[in-house]
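Participant: My file is entry-v5.txt. It has compact mmCIF, C-alpha atoms:
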```txt
# COMPACT_ATOMS: atom_id res chain seq x y z
CA MET A 1 7.47 -12.10 15.53
CA LEU A 2 7.33 -10.46 12.13
CA ILE A 3 9.67 -7.49 11.68
CA GLU A 4 9.64 -6.69 7.96
CA PHE A 5 8.52 -8.03 4.60
CA SER A 6 9.49 -6.88 1.11
CA VAL A 7 8.54 -7.99 -2.40
CA SER A 8 9.17 -6.88 -5.97
CA ASN A 9 7.94 -7.94 -9.43
CA TYR A 10 4.98 -9.92 -8.16
CA ARG A 11 1.46 -9.44 -9.54
CA SER A 12 0.70 -5.69 -9.30
CA VAL A 13 3.95 -4.99 -7.45
CA SER A 14 6.80 -3.80 -9.68
CA SER A 15 9.57 -2.06 -7.73
CA THR A 16 10.38 -3.20 -4.20
CA GLN A 17 7.60 -2.51 -1.71
CA ALA A 18 8.09 -3.09 2.03
CA ILE A 19 6.08 -3.24 5.24
CA SER A 20 7.74 -2.93 8.63
CA MET A 21 6.38 -3.97 12.00
CA ALA A 22 9.38 -2.61 13.85
CA ALA A 23 8.05 0.03 16.24
CA GLY A 24 9.34 3.58 16.11
CA SER A 25 10.82 5.52 19.00
CA SER A 26 7.54 7.13 20.12
CA SER A 27 6.88 6.35 23.78
CA ASP A 28 3.15 6.18 23.03
CA VAL A 29 3.70 3.54 20.33
CA ARG A 30 6.04 1.49 22.48
CA ARG A 31 3.79 1.64 25.53
CA HIS A 32 0.41 0.87 23.95
CA TYR A 33 0.87 -0.61 20.48
CA SER A 34 3.99 -2.77 20.73
CA PHE A 35 5.62 -5.77 22.32
CA GLU A 36 9.03 -5.59 23.92
CA THR A 37 11.14 -8.24 22.17
CA GLY A 38 14.26 -8.44 24.34
CA HIS A 39 16.39 -8.36 21.20
CA ARG A 40 18.89 -5.54 20.89
CA THR A 41 18.49 -5.09 17.11
CA VAL A 42 14.71 -4.55 17.26
CA PRO A 43 13.58 -3.79 20.83
CA TYR A 44 9.89 -3.30 19.99
CA VAL A 45 7.56 -4.70 17.33
CA LEU A 46 4.01 -3.62 16.54
CA LYS A 47 1.06 -5.75 17.57
CA ALA A 48 -1.05 -4.80 14.54
CA VAL A 49 -0.66 -3.17 11.13
CA GLY A 50 -3.44 -2.24 8.71
CA ILE A 51 -3.15 -1.74 4.94
CA TYR A 52 -5.71 0.65 3.43
CA GLY A 53 -6.35 1.67 -0.16
CA ALA A 54 -8.90 1.90 -2.92
CA ASN A 55 -10.16 -1.18 -4.72
CA GLY A 56 -7.69 -2.42 -7.30
CA THR A 57 -4.60 -0.82 -5.78
CA GLY A 58 -2.95 -4.10 -4.81
CA LYS A 59 -3.74 -4.65 -1.12
CA SER A 60 -4.70 -8.27 -1.73
CA ASN A 61 -1.57 -8.82 -3.79
CA ILE A 62 0.56 -7.99 -0.76
CA ILE A 63 -1.28 -10.74 1.14
CA SER A 64 -0.86 -13.02 -1.87
CA ALA A 65 2.90 -12.39 -1.80
CA PHE A 66 3.03 -13.58 1.81
CA HIS A 67 1.00 -16.63 0.81
CA PHE A 68 3.25 -17.50 -2.14
CA MET A 69 6.41 -17.13 -0.06
CA ARG A 70 5.12 -19.34 2.75
CA ARG A 71 3.74 -21.98 0.38
CA PHE A 72 6.94 -22.12 -1.68
CA ILE A 73 9.11 -22.47 1.43
CA ILE A 74 7.01 -25.27 2.87
CA GLY A 75 6.32 -27.17 -0.32
CA SER A 76 8.98 -26.57 -2.98
CA ALA A 77 11.18 -29.51 -1.95
CA LYS A 78 8.42 -32.10 -1.81
CA GLU A 79 5.62 -30.88 -4.09
CA LEU A 80 7.55 -29.94 -7.24
CA GLN A 81 9.32 -32.35 -9.55
CA SER A 82 12.37 -31.58 -11.65
CA GLY A 83 11.33 -29.38 -14.58
CA ASP A 84 8.03 -28.26 -13.04
CA LEU A 85 7.27 -24.57 -13.43
CA ILE A 86 7.14 -22.39 -10.33
CA ASP A 87 3.73 -20.79 -9.86
CA VAL A 88 4.92 -17.20 -9.50
CA ASN A 89 3.15 -14.32 -11.28
CA ASN A 90 5.24 -11.36 -12.42
CA PHE A 91 4.24 -7.74 -12.85
CA ALA A 92 2.49 -7.58 -16.25
CA PHE A 93 2.97 -3.93 -17.23
CA ASP A 94 6.73 -3.58 -17.08
CA VAL A 95 8.18 -1.31 -19.77
CA ASP A 96 11.87 -1.67 -18.97
CA GLY A 97 12.48 -5.24 -20.06
CA GLU A 98 12.05 -6.87 -16.65
CA ASP A 99 13.92 -10.17 -16.53
CA GLY A 100 11.03 -12.00 -14.89
CA LYS A 101 12.64 -12.44 -11.50
CA SER A 102 10.60 -11.89 -8.35
CA HIS A 103 12.21 -10.94 -5.05
CA PHE A 104 10.90 -11.95 -1.61
CA GLU A 105 12.51 -11.23 1.75
CA ILE A 106 11.27 -11.46 5.31
CA VAL A 107 12.82 -10.55 8.66
CA PHE A 108 11.51 -12.15 11.83
CA LEU A 109 12.32 -13.05 15.43
CA SER A 110 12.25 -16.62 16.69
CA SER A 111 13.86 -18.32 19.69
CA GLY A 112 15.89 -15.22 20.51
CA ASN A 113 17.36 -14.91 17.00
CA ARG A 114 16.69 -12.33 14.32
CA TYR A 115 16.41 -14.08 10.94
CA GLN A 116 16.70 -12.44 7.52
CA TYR A 117 15.67 -14.85 4.79
CA GLY A 118 14.87 -14.32 1.14
CA PHE A 119 15.07 -15.59 -2.41
CA VAL A 120 14.87 -14.46 -6.03
CA VAL A 121 12.85 -16.68 -8.34
CA ASP A 122 11.27 -16.89 -11.78
CA LYS A 123 9.03 -19.57 -13.27
CA ASN A 124 11.98 -21.89 -13.99
CA LYS A 125 14.45 -21.60 -11.15
CA VAL A 126 15.60 -20.06 -7.91
CA TRP A 127 18.28 -17.51 -8.82
CA GLU A 128 19.33 -16.50 -5.33
CA GLU A 129 18.65 -17.58 -1.75
CA TRP A 130 20.11 -16.41 1.54
CA LEU A 131 19.75 -16.70 5.30
CA TYR A 132 21.42 -14.40 7.84
CA VAL A 133 21.00 -14.72 11.59
CA SER A 134 21.59 -12.15 14.33
CA PRO A 135 21.73 -13.62 17.84
CA ASN A 136 20.94 -11.26 20.67
CA GLU A 137 24.62 -11.21 21.52
CA GLY A 138 27.30 -11.13 18.86
CA ARG A 139 27.56 -10.20 15.21
CA VAL A 140 25.40 -11.10 12.22
CA GLN A 141 26.06 -14.64 11.01
CA ARG A 142 25.85 -15.61 7.34
CA TRP A 143 24.34 -19.09 7.45
CA PHE A 144 24.07 -19.73 3.73
CA GLU A 145 23.97 -18.08 0.31
CA ARG A 146 23.15 -19.56 -3.04
CA LEU A 147 23.64 -17.72 -6.35
CA TYR A 148 22.97 -19.09 -9.84
CA ASN A 149 25.86 -18.53 -12.26
CA GLU A 150 24.61 -18.61 -15.86
CA SER A 151 28.09 -19.04 -17.31
CA ILE A 152 28.56 -22.42 -15.64
CA ASP A 153 24.83 -23.31 -15.44
CA ASP A 154 25.20 -24.06 -11.75
CA TYR A 155 25.12 -22.47 -8.31
CA GLU A 156 27.84 -20.80 -6.32
CA TRP A 157 27.42 -21.75 -2.67
CA TYR A 158 28.37 -20.58 0.77
CA ILE A 159 27.38 -22.54 3.88
CA ASN A 160 28.69 -21.50 7.27
CA GLN A 161 31.39 -23.87 8.49
CA ASN A 162 29.75 -24.02 11.93
CA ILE A 163 26.68 -25.70 10.45
CA LYS A 164 27.15 -29.43 10.93
CA GLY A 165 25.68 -32.10 8.73
CA GLN A 166 25.80 -33.52 5.21
CA LYS A 167 26.13 -30.19 3.44
CA GLU A 168 27.27 -31.62 0.12
CA ILE A 169 24.25 -33.91 0.00
CA TRP A 170 21.94 -31.01 0.86
CA LYS A 171 23.38 -28.94 -1.99
CA ALA A 172 23.34 -31.78 -4.51
CA SER A 173 19.72 -32.61 -3.63
CA THR A 174 18.46 -29.05 -4.09
CA ARG A 175 16.75 -28.77 -7.47
CA LYS A 176 16.79 -25.54 -9.45
CA ASN A 177 13.06 -25.10 -8.86
CA ALA A 178 13.26 -25.73 -5.12
CA LEU A 179 14.60 -23.84 -2.11
CA PHE A 180 17.67 -24.98 -0.21
CA LEU A 181 15.97 -24.22 3.12
CA SER A 182 13.09 -26.55 2.22
CA THR A 183 15.36 -29.29 0.87
CA ALA A 184 17.84 -29.25 3.74
CA VAL A 185 15.07 -29.53 6.34
CA GLN A 186 13.61 -32.50 4.44
CA LEU A 187 17.07 -34.11 4.71
CA ASN A 188 17.22 -33.68 8.49
CA ALA A 189 19.27 -30.48 8.59
CA ASP A 190 18.17 -29.70 12.14
CA TYR A 191 20.18 -26.48 12.17
CA PHE A 192 17.48 -24.84 10.00
CA ASN A 193 14.42 -26.24 11.79
CA ASP A 194 13.69 -23.12 13.82
CA ALA A 195 13.59 -20.86 10.77
CA PHE A 196 11.57 -23.36 8.71
CA ASP A 197 9.10 -24.00 11.52
CA TRP A 198 8.45 -20.27 11.87
CA PHE A 199 7.07 -20.28 8.32
CA LYS A 200 5.24 -23.57 8.72
CA ILE A 201 3.75 -23.05 12.19
CA LYS A 202 3.93 -19.41 13.23
CA LEU A 203 3.11 -17.63 9.97
CA ARG A 204 -0.59 -17.92 9.11
CA VAL A 205 -1.90 -16.39 5.87
CA LEU A 206 -5.61 -16.12 5.07
CA GLN A 207 -6.41 -14.80 1.61
CA HIS A 208 -9.78 -13.25 0.88
CA PHE A 209 -11.27 -16.40 -0.64
CA ILE A 210 -10.32 -18.72 2.23
CA ASP A 211 -13.24 -19.81 4.38
CA MET A 212 -12.07 -20.94 7.83
CA THR A 213 -15.48 -22.30 8.84
CA PRO A 214 -14.50 -25.99 8.41
CA HIS A 215 -11.38 -25.46 10.52
CA THR A 216 -13.30 -23.66 13.28
CA ALA A 217 -15.93 -26.40 13.18
CA ARG A 218 -13.30 -29.12 13.60
CA ARG A 219 -11.75 -27.26 16.52
CA CYS A 220 -15.19 -26.94 18.12
CA ARG A 221 -15.40 -30.73 18.35
CA SER A 222 -13.29 -30.13 21.47
CA PRO A 223 -15.62 -28.98 24.29
CA GLU A 224 -12.86 -26.78 25.69
CA PHE A 225 -12.27 -24.98 22.42
CA SER A 226 -16.01 -24.74 21.78
CA LYS A 227 -16.38 -22.82 25.06
CA LYS A 228 -13.62 -20.43 23.95
CA VAL A 229 -15.50 -19.74 20.72
CA VAL A 230 -18.73 -19.14 22.63
CA ARG A 231 -16.96 -16.58 24.86
CA PHE A 232 -15.38 -15.03 21.77
CA LEU A 233 -18.79 -14.63 20.13
CA ASN A 234 -20.44 -13.37 23.29
CA GLU A 235 -17.87 -10.59 23.60
CA ILE A 236 -18.97 -9.32 20.18
CA ASP A 237 -22.60 -9.38 21.34
CA ILE A 238 -23.53 -12.57 19.49
CA ASP A 239 -25.91 -14.31 21.86
CA VAL A 240 -25.07 -18.00 21.68
CA GLN A 241 -24.85 -20.38 24.62
CA GLU A 242 -23.66 -23.59 23.02
CA ILE A 243 -22.10 -24.74 19.79
CA ARG A 244 -22.93 -28.20 18.54
CA VAL A 245 -20.99 -29.88 15.76
CA ASP A 246 -22.52 -32.92 14.08
CA GLU A 247 -20.17 -35.07 12.03
CA LYS A 248 -21.09 -37.14 9.03
CA ASP A 249 -19.19 -39.03 6.39
CA PHE A 250 -18.41 -37.45 3.05
CA PRO A 251 -20.79 -39.02 0.52
CA GLU A 252 -18.73 -40.56 -2.26
CA SER A 253 -21.06 -38.95 -4.77
CA SER A 254 -19.94 -35.51 -3.62
CA LEU A 255 -16.33 -36.42 -4.43
CA SER A 256 -17.01 -37.68 -7.94
CA ILE A 257 -15.97 -34.43 -9.60
CA PHE A 258 -12.47 -34.55 -8.05
CA VAL A 259 -9.46 -36.44 -9.32
CA GLU A 260 -8.39 -39.35 -7.17
CA SER A 261 -5.28 -37.65 -5.72
CA PHE A 262 -7.36 -34.69 -4.55
CA LYS A 263 -9.94 -37.02 -3.03
CA GLU A 264 -7.25 -38.70 -0.94
CA ASN A 265 -5.90 -35.36 0.29
CA LEU A 266 -9.40 -34.21 1.13
CA ARG A 267 -10.09 -37.39 3.10
CA LYS A 268 -6.83 -37.00 5.05
CA PHE A 269 -7.47 -33.33 5.79
CA THR A 270 -11.03 -33.87 6.98
CA ASN A 271 -10.70 -37.41 8.35
CA SER A 272 -13.41 -38.24 5.80
CA LYS A 273 -15.88 -36.24 7.89
CA MET A 274 -18.14 -33.27 7.23
CA SER A 275 -19.23 -30.95 10.02
CA ASP A 276 -22.62 -29.33 10.46
CA VAL A 277 -22.54 -26.45 12.96
CA PHE A 278 -25.49 -25.45 15.13
CA PHE A 279 -25.85 -22.50 17.51
CA GLY A 280 -27.76 -23.26 20.70
CA ARG A 281 -29.89 -20.73 22.61
CA LYS A 282 -32.39 -21.27 25.38
CA ASN A 283 -36.00 -20.31 24.79
CA LYS A 284 -38.33 -18.88 27.45
CA THR A 285 -38.93 -22.30 28.97
CA GLY A 286 -35.20 -22.97 29.33
CA LYS A 287 -35.07 -25.49 26.51
CA MET A 288 -31.99 -25.32 24.29
CA VAL A 289 -32.94 -24.68 20.68
CA TYR A 290 -30.35 -25.27 17.96
CA LEU A 291 -30.29 -23.42 14.66
CA PRO A 292 -27.90 -24.26 11.83
CA LEU A 293 -25.06 -21.82 11.21
CA SER A 294 -26.38 -21.32 7.68
CA GLU A 295 -29.42 -19.52 9.14
CA GLU A 296 -27.29 -17.00 11.04
CA SER A 297 -26.44 -13.59 9.55
CA ASP A 298 -23.53 -13.21 7.14
CA GLY A 299 -21.68 -11.26 9.83
CA THR A 300 -22.15 -13.99 12.43
CA GLN A 301 -21.00 -16.65 9.97
CA ARG A 302 -17.94 -14.54 9.17
CA ILE A 303 -17.01 -14.08 12.84
CA PHE A 304 -17.43 -17.80 13.51
CA SER A 305 -15.21 -18.55 10.52
CA LEU A 306 -12.47 -16.24 11.85
CA ALA A 307 -12.78 -17.35 15.47
CA SER A 308 -10.27 -20.21 15.34
CA ALA A 309 -7.63 -18.14 13.53
CA ILE A 310 -7.94 -15.24 15.99
CA ILE A 311 -8.00 -17.44 19.12
CA GLU A 312 -5.06 -19.59 17.96
CA THR A 313 -3.03 -16.49 17.08
CA LEU A 314 -3.62 -14.89 20.46
CA GLU A 315 -2.87 -18.08 22.39
CA ASN A 316 0.14 -19.34 20.44
CA GLY A 317 1.88 -16.16 19.31
CA TYR A 318 1.22 -16.64 15.61
CA VAL A 319 1.60 -13.94 12.96
CA LEU A 320 -1.79 -13.67 11.25
CA ILE A 321 -1.75 -12.15 7.76
CA ILE A 322 -5.36 -11.70 6.68
CA ASP A 323 -7.15 -10.10 3.76
CA GLU A 324 -10.29 -8.08 4.49
CA PRO A 325 -11.30 -9.51 7.89
CA SER A 326 -13.81 -6.65 8.19
CA ASN A 327 -15.98 -7.96 5.34
CA ASN A 328 -19.60 -8.46 6.52
CA LEU A 329 -18.69 -7.23 10.02
CA HIS A 330 -20.17 -4.29 11.87
CA SER A 331 -17.57 -1.59 12.40
CA LEU A 332 -17.64 -2.08 16.18
CA ALA A 333 -17.24 -5.86 15.84
CA PHE A 334 -14.17 -5.38 13.66
CA GLN A 335 -12.73 -2.86 16.11
CA HIS A 336 -13.23 -5.38 18.90
CA LEU A 337 -11.30 -8.05 16.97
CA ILE A 338 -8.32 -5.73 16.59
CA SER A 339 -8.54 -4.57 20.22
CA LEU A 340 -7.97 -8.16 21.38
CA PHE A 341 -4.36 -7.91 20.22
CA TYR A 342 -3.77 -5.08 22.73
CA ARG A 343 -5.25 -6.92 25.70
CA SER A 344 -2.72 -8.74 27.85
CA ASP A 345 -5.45 -11.02 29.22
CA MET A 346 -6.30 -12.17 25.68
CA ASN A 347 -3.02 -11.91 23.76
CA ARG A 348 -1.00 -14.09 26.09
CA GLY A 349 1.00 -15.63 23.26
CA LEU A 350 2.11 -12.24 21.86
CA GLY A 351 0.35 -12.69 18.53
CA GLN A 352 0.49 -10.15 15.70
CA ILE A 353 -1.99 -9.28 12.98
CA LEU A 354 -1.42 -7.65 9.60
CA PHE A 355 -4.63 -7.01 7.68
CA THR A 356 -6.13 -5.18 4.73
CA SER A 357 -9.34 -3.21 5.09
CA HIS A 358 -11.55 -0.35 3.90
CA GLU A 359 -12.95 0.12 7.41
CA ALA A 360 -11.73 3.57 8.47
CA GLY A 361 -13.72 3.53 11.71
CA ILE A 362 -10.86 1.77 13.41
CA MET A 363 -8.85 5.00 13.08
CA ILE A 364 -11.43 6.98 15.06
CA HIS A 365 -10.87 5.04 18.27
CA ARG A 366 -7.09 5.10 17.95
CA LEU A 367 -6.84 1.33 17.60
CA LEU A 368 -4.12 2.02 15.07
CA HIS A 369 -1.42 4.62 15.56
CA HIS A 370 -0.32 6.31 12.34
CA ASP A 371 2.87 4.21 12.56
CA GLN A 372 0.64 1.16 12.06
CA ILE A 373 -1.15 2.27 8.90
CA TYR A 374 0.04 1.68 5.33
CA LEU A 375 -1.68 3.01 2.22
CA THR A 376 -1.71 1.65 -1.33
CA GLU A 377 -2.09 3.43 -4.65
CA LYS A 378 -1.42 2.61 -8.30
CA ASP A 379 1.09 4.69 -10.26
CA GLU A 380 0.89 5.64 -13.94
CA ASN A 381 2.21 2.21 -14.90
CA PHE A 382 -0.51 0.41 -12.88
CA ALA A 383 2.06 -0.64 -10.28
CA THR A 384 1.23 -0.85 -6.58
CA GLN A 385 2.91 1.73 -4.37
CA ILE A 386 2.71 1.15 -0.63
CA TYR A 387 3.74 3.79 1.86
CA PRO A 388 3.36 4.36 5.61
CA LEU A 389 1.01 7.01 6.94
CA SER A 390 3.88 8.07 9.19
CA SER A 391 5.58 9.53 6.10
CA PHE A 392 3.17 12.47 6.50
CA LYS A 393 3.54 15.09 9.20
CA ILE A 394 0.86 14.12 11.70
CA ARG A 395 0.26 15.67 15.08
CA LYS A 396 -0.75 13.53 18.03
CA ASN A 397 -4.34 14.81 18.16
CA ASP A 398 -5.00 14.93 14.40
CA ALA A 399 -8.24 13.26 13.32
CA ILE A 400 -6.50 10.95 10.90
CA HIS A 401 -9.71 9.19 9.82
CA LYS A 402 -11.20 12.47 8.60
CA SER A 403 -8.01 13.44 6.79
CA TYR A 404 -7.80 9.97 5.25
CA LEU A 405 -11.39 10.03 3.97
CA ALA A 406 -10.85 13.57 2.69
CA GLY A 407 -7.99 12.28 0.57
CA ARG A 408 -5.17 14.12 2.29
CA TYR A 409 -3.00 11.00 2.44
CA GLY A 410 -4.15 9.30 -0.75
CA GLY A 411 -5.14 5.66 -0.68
CA ILE A 412 -8.83 6.32 -1.52
CA PRO A 413 -10.78 5.93 -4.78
CA HIS A 414 -11.12 8.98 -7.02
CA ILE A 415 -14.87 9.00 -7.54
CA ARG A 416 -16.02 10.82 -10.63
CA GLY A 417 -18.90 13.16 -9.99
CA VAL A 418 -22.11 12.99 -12.01
CA GLU A 419 -21.28 16.34 -13.59
CA GLU A 420 -18.24 14.79 -15.25
CA TYR A 421 -20.54 12.61 -17.35
CA GLU A 422 -22.82 15.40 -18.43
CA GLU A 423 -22.30 16.80 -21.91
```
Mind converting the file's structure to structure tokens?

Facilitator:
Amino acid sequence: MLIEFSVSNYRSVSSTQAISMAAGSSSDVRRHYSFETGHRTVPYVLKAVGIYGANGTGKSNIISAFHFMRRFIIGSAKELQSGDLIDVNNFAFDVDGEDGKSHFEIVFLSSGNRYQYGFVVDKNKVWEEWLYVSPNEGRVQRWFERLYNESIDDYEWYINQNIKGQKEIWKASTRKNALFLSTAVQLNADYFNDAFDWFKIKLRVLQHFIDMTPHTARRCRSPEFSKKVVRFLNEIDIDVQEIRVDEKDFPESSLSIFVESFKENLRKFTNSKMSDVFFGRKNKTGKMVYLPLSEESDGTQRIFSLASAIIETLENGYVLIIDEPSNNLHSLAFQHLISLFYRSDMNRGLGQILFTSHEAGIMIHRLLHHDQIYLTEKDENFATQIYPLSSFKIRKNDAIHKSYLAGRYGGIPHIRGVEEYEE
């Protein structure tokens, strides 16, 4: 379960910005909007959090920060070579001589432990890295720390003496442009598997340009999963009775524009197969008629694309970080997607969702408590500022959607009236 995430000096983010999914003390929040964790340090975590703000205020960059952190953890040890630059983008408008270092930290629960993991990085090296663990019983344990010392051009290390294994080899094998967590796991440091696997398996990040249709199509090759998607679509009033997936080989001509290494990865990822999706509906005579997904509405295509991510999150207890899931969706359809995370019959795995959106309708039906809403704005230096709606004094029965759209809380575009352009 995700508890907190913070980032600084990344894209439009300058100073440290944080999002917390730790639930407050409100009985209403704990009863309806949270999971009970069983961990003494964070007894309740929120099921859903929404980030709202005007276009260009940095909502997507928060999602991008999650994506970079996850990708760097999973791939830095095996995908980068010595001397390769790290693909991290700093805040571009700094006026105080920023040293180019970006800070990422995440706190999460897994297997009964509370993990606090983070690193500081620039394009050339990892400057700091740390992992602290709080078991449900006992004190906080410092598992490892790594700090680059410029004067000796090397790292100062601490690794907990209770961690067994070839620690000197792990340290010596960790390149400056790679993470120790990633490297140690590659070298069979089983002690760190639970933390690493949380990033690799449990944390799912979908940026706005990611189309999940191929993944959903592949999952629908399984008749059992296909039926789950049909039920999922039916609940949102999309009348489909069957989903058919036809497979065909990738034509070599379609791969000609790619370099050979990318071709091989594409073949492995897709099993050299393409999937054509068809929705089946019975006509008046009872005959099943199949129409290609491409002929369905943009909203239906969008919901089908998201179906696998939503279903897998609910079933397996993933943390789904997703940018603009409401795009092309009717307001009620989007509200339904979020409501699934509150239903015990659907969210059996205790999945969480953190999303960005402009869709304020979700506030009307109280699908988000004000503890679950964050707002973004840009300051005078074009830096993203993110703040919780709970920082305002809000009464239980306040119509927060009206106040939000009226600009009481910020986080909306400042539209210039026509009269401002008149001479």

Participant: Which polymer residues, whether protein, DNA or RNA, lie within 6 Å of the coordinate (-28.9, -24.1, 19.0) when you count all atoms listed in the file? List them as a PyMOL selection string, using the chain letters and numbers from the file.

Facilitator: chain A and resi 278-281+289-291

Participant: Measuring between all atoms listed in the file, which one of A:Ile86, A:Met274, A:Ala333, A:Leu375 shows the shortest distance to A:Asn55?

Facilitator: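 The shortest atom-to-atom distance to A:Asn55 comes from A:Leu375.
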
Participant: Please tell me which residues are no farther than 8 Å from (-5.8, -7.2, 5.3) in the file, counting all atoms listed in the file, and write them as a count of residues only.

Facilitator: 14

Participant: Might you pull out every residue within 10 Å of stretch 91-94 of chain A, with only C-alpha atoms counted and same-chain residues fewer than 6 positions away left off, and present them as a PDB file with C-alpha atoms, in the coordinates of the input?

Facilitator:
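The resulting file, result20.pdb, is reproduced below:
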```
ATOM      1  CA  SER A   8       9.170  -6.880  -5.970  1.00  0.00           C
ATOM      2  CA  ASN A   9       7.940  -7.940  -9.430  1.00  0.00           C
ATOM      3  CA  TYR A  10       4.980  -9.920  -8.160  1.00  0.00           C
ATOM      4  CA  ARG A  11       1.460  -9.440  -9.540  1.00  0.00           C
ATOM      5  CA  SER A  12       0.700  -5.690  -9.300  1.00  0.00           C
ATOM      6  CA  VAL A  13       3.950  -4.990  -7.450  1.00  0.00           C
ATOM      7  CA  SER A  14       6.800  -3.800  -9.680  1.00  0.00           C
ATOM      8  CA  SER A  15       9.570  -2.060  -7.730  1.00  0.00           C
ATOM      9  CA  GLY A 100      11.030 -12.000 -14.890  1.00  0.00           C
ATOM     10  CA  LYS A 101      12.640 -12.440 -11.500  1.00  0.00           C
ATOM     11  CA  SER A 102      10.600 -11.890  -8.350  1.00  0.00           C
ATOM     12  CA  ASN A 381       2.210   2.210 -14.900  1.00  0.00           C
ATOM     13  CA  PHE A 382      -0.510   0.410 -12.880  1.00  0.00           C
ATOM     14  CA  ALA A 383       2.060  -0.640 -10.280  1.00  0.00           C
ATOM     15  CA  THR A 384       1.230  -0.850  -6.580  1.00  0.00           C
TER      16      THR A 384
END
```

Participant: Please list as an mmCIF file with C-alpha atoms, in the coordinates of the input every residue within 8 Å of A:Val49, counting all atoms listed in the file and excluding residues in the same chain fewer than 4 positions away.

Facilitator:
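Resulting contents of result.cif:
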```cif
data_model
loop_
_atom_site.group_PDB
_atom_site.id
_atom_site.type_symbol
_atom_site.label_atom_id
_atom_site.label_comp_id
_atom_site.auth_asym_id
_atom_site.auth_seq_id
_atom_site.Cartn_x
_atom_site.Cartn_y
_atom_site.Cartn_z
ATOM 1 C CA MET A 21 6.380 -3.970 12.000
ATOM 2 C CA ILE A 353 -1.990 -9.280 12.980
ATOM 3 C CA LEU A 354 -1.420 -7.650 9.600
ATOM 4 C CA PHE A 355 -4.630 -7.010 7.680
ATOM 5 C CA LEU A 368 -4.120 2.020 15.070
ATOM 6 C CA GLN A 372 0.640 1.160 12.060
ATOM 7 C CA ILE A 373 -1.150 2.270 8.900
ATOM 8 C CA TYR A 374 0.040 1.680 5.330
#
```

Participant: Can you tell me how far atom CA of A:Leu181 sits from atom CA of A:Leu46, in Å to one decimal?

Facilitator: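 Answer for the atom CA of A:Leu181 to atom CA of A:Leu46 separation: 27.3 Å.
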
Participant: Closest to A:Ala23 among A:Arg219, A:His369, A:Trp143, A:Val277, using all atoms listed in the file?

Facilitator: A:His369

Participant: Can you work out which one of A:Met1, A:Lys378, A:Asn90, A:His358 has the shortest atom-to-atom distance to A:Tyr52, counting only C-alpha atoms?

Facilitator: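 Using only C-alpha atoms, A:Tyr52 sits closest to A:His358.
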
Participant: What are the centre and the three edge lengths of an axis-aligned box that wraps all atoms of stretch 173-189 of chain A in the file, given that 6 Å is added to every side, written as AutoDock Vina command-line options and rounded to one decimal in Å?

Facilitator:
```
--center_x 16.4 --center_y -29.0 --center_z -0.4 --size_x 18.7 --size_y 22.3 --size_z 30.0
```

Participant: Of the residues A:Val245, A:Val319, A:Val126, A:Leu206, which is the one nearest to A:Leu293, using all atoms listed in the file?

Facilitator: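 Selected residue with least distance to A:Leu293: A:Val245.
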
Participant: Step by step: locate stretch 204-214 of chain A in the block above, keep N, CA and C atoms, then write the file as a PDB file, in the first residue's frame.

Facilitator:
```pdb
ATOM      1  N   ARG A 204       1.969   0.292 -10.278  1.00  0.00           N
ATOM      2  CA  ARG A 204       1.653   0.374 -11.706  1.00  0.00           C
ATOM      3  C   ARG A 204       1.441   1.844 -12.082  1.00  0.00           C
ATOM      4  N   VAL A 205       2.185   2.333 -13.066  1.00  0.00           N
ATOM      5  CA  VAL A 205       2.110   3.739 -13.454  1.00  0.00           C
ATOM      6  C   VAL A 205       1.724   3.837 -14.924  1.00  0.00           C
ATOM      7  N   LEU A 206       0.612   4.532 -15.194  1.00  0.00           N
ATOM      8  CA  LEU A 206       0.141   4.735 -16.564  1.00  0.00           C
ATOM      9  C   LEU A 206       0.166   6.227 -16.865  1.00  0.00           C
ATOM     10  N   GLN A 207       1.110   6.639 -17.701  1.00  0.00           N
ATOM     11  CA  GLN A 207       1.154   8.032 -18.107  1.00  0.00           C
ATOM     12  C   GLN A 207       0.101   8.297 -19.182  1.00  0.00           C
ATOM     13  N   HIS A 208      -0.111   9.566 -19.482  1.00  0.00           N
ATOM     14  CA  HIS A 208      -1.249   9.921 -20.334  1.00  0.00           C
ATOM     15  C   HIS A 208      -1.124   9.382 -21.753  1.00  0.00           C
ATOM     16  N   PHE A 209       0.071   9.106 -22.208  1.00  0.00           N
ATOM     17  CA  PHE A 209       0.246   8.648 -23.586  1.00  0.00           C
ATOM     18  C   PHE A 209       0.284   7.123 -23.696  1.00  0.00           C
ATOM     19  N   ILE A 210       0.106   6.418 -22.593  1.00  0.00           N
ATOM     20  CA  ILE A 210       0.168   4.959 -22.636  1.00  0.00           C
ATOM     21  C   ILE A 210      -1.205   4.385 -22.977  1.00  0.00           C
ATOM     22  N   ASP A 211      -1.265   3.606 -24.036  1.00  0.00           N
ATOM     23  CA  ASP A 211      -2.489   2.943 -24.446  1.00  0.00           C
ATOM     24  C   ASP A 211      -2.420   1.492 -23.970  1.00  0.00           C
ATOM     25  N   MET A 212      -3.346   1.099 -23.099  1.00  0.00           N
ATOM     26  CA  MET A 212      -3.344  -0.243 -22.537  1.00  0.00           C
ATOM     27  C   MET A 212      -4.155  -1.232 -23.369  1.00  0.00           C
ATOM     28  N   THR A 213      -4.646  -0.794 -24.534  1.00  0.00           N
ATOM     29  CA  THR A 213      -5.475  -1.680 -25.347  1.00  0.00           C
ATOM     30  C   THR A 213      -4.768  -2.991 -25.697  1.00  0.00           C
ATOM     31  N   PRO A 214      -3.500  -2.976 -26.146  1.00  0.00           N
ATOM     32  CA  PRO A 214      -2.843  -4.258 -26.460  1.00  0.00           C
ATOM     33  C   PRO A 214      -2.770  -5.186 -25.250  1.00  0.00           C
TER      34      PRO A 214
END
```
